[in-house]
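Just below is one structure, and these are the notes that go with it.
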Amino acid sequence: MFDTSALREPVDEAEVRAFRKETLATGDPDWSPQVPLRSVLGWLASLVILPVVGASILINIAHAPSSWHPFIWGIFILIVIADGVYLFRRDFGRSRWRDHLRCVRFAAANELSYAPRTVVATHPGFIFRAGSEQETVLRMWSETGPITDCGVHRYVTGWGRNRQQHEWQYAAIRLPGALPYLMLDAKANNTFAGDLSERFVPGFKQSLGGDLDQHFDLYCAPEHRVDAFYIVTPDLMAHLIDHAAHFDVELVGRWMFLYTRFGLSVSDPETWVRLGAIEQTVARLVRRRAEAYRDLR
């Protein structure tokens, strides 16, 4: 289990300022402030486009007399200022550096490493091989621990008007032996665009049977259907439903990956409580299957 006290304890503002100053003084590119393009576009929309459009629409719809126009524009100027303050504090303010400091302390207490930006993760999981412009950020990792890697991975698909950036929170767990490829797609997170199951052909979808199909869809190659049911046993599915119902689970060789849009932020202590429970239940059973599995083909 993980010691999450460093993520829960209050942090003094002086400590945050000192940590920020010392960290930036090292010149480490993984810690240097950057302004991502999506933040620039978000600021542009929040600070300029939306207020201008909003004020114009309100004036036209309400048929407000010209004497009211300065008052309406004043309201939207205040909205601009409030948005600007919020976005700046979110992306570059002390709250972000407070999270970094807590993550560094948590990593030290649990024999992990942490960095806001790192080299791109090169795991064999699907999201690490999809699209282009790969980027891995807010990453916690270990060379020896049960949870090998946890962070945020982004990639881009399409181009022009169809260009889309995908962002997944993930956890990577190393297994003692190789298993056949399979994906358990959680139905609880299928409300978001870009679901991972979209890449599978219909013949790869297998029924888990009974009430289990209400929680997950199983995808695997038809020739590995029997192997999949050797791995995905009722006791494993019970643990998945109890502890990982909102995560897509991918098995690739000697790896198990958990994917989600939300719920695996490394600065959230509940993430590590959740991963600790998964390690003691789901991962423990999968490791047993990996140790015993042999592909006779």
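Lettering and numbering for the structure tokens are positional, with chains as A, B, ... in the shown order, residues counted from 1 in each chain, and ligands counted from 1 in the shown order.
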
Please provide as a count of residues only all residues within 9 Å of Phe19 in chain A, with the sequence filter that same-chain residues fewer than 4 positions apart are discarded (counting only C-alpha atoms). 7

Spatial neighbours of range 230-244 of chain A, 10 Å, only C-alpha atoms, chain gap at least 6 places, as a ChimeraX atom specification: /A:179-180,182,184,186,208,212,215-216,218,224,258-260,274-290,293

Tell me which protein, DNA and RNA residues are within 10 Å of range 130-146 of chain A, counting only C-alpha atoms, leaving out same-chain ones fewer than 5 positions away, and put them as a ChimeraX atom specification. /A:1,30,100,103-104,106-107,110-122,125,151-158,164-175,265-267,275-276,279-280,283-284

Output as a ChimeraX atom specification all residues of range 123-240 of chain A that backbone DSSP marks as alpha helix (DSSP H). /A:225-231,234-240

A:Ala108, A:Val226, A:Ile147, A:Leu251: which is nearest Leu7 in chain A, counting only C-alpha atoms? A:Ala108
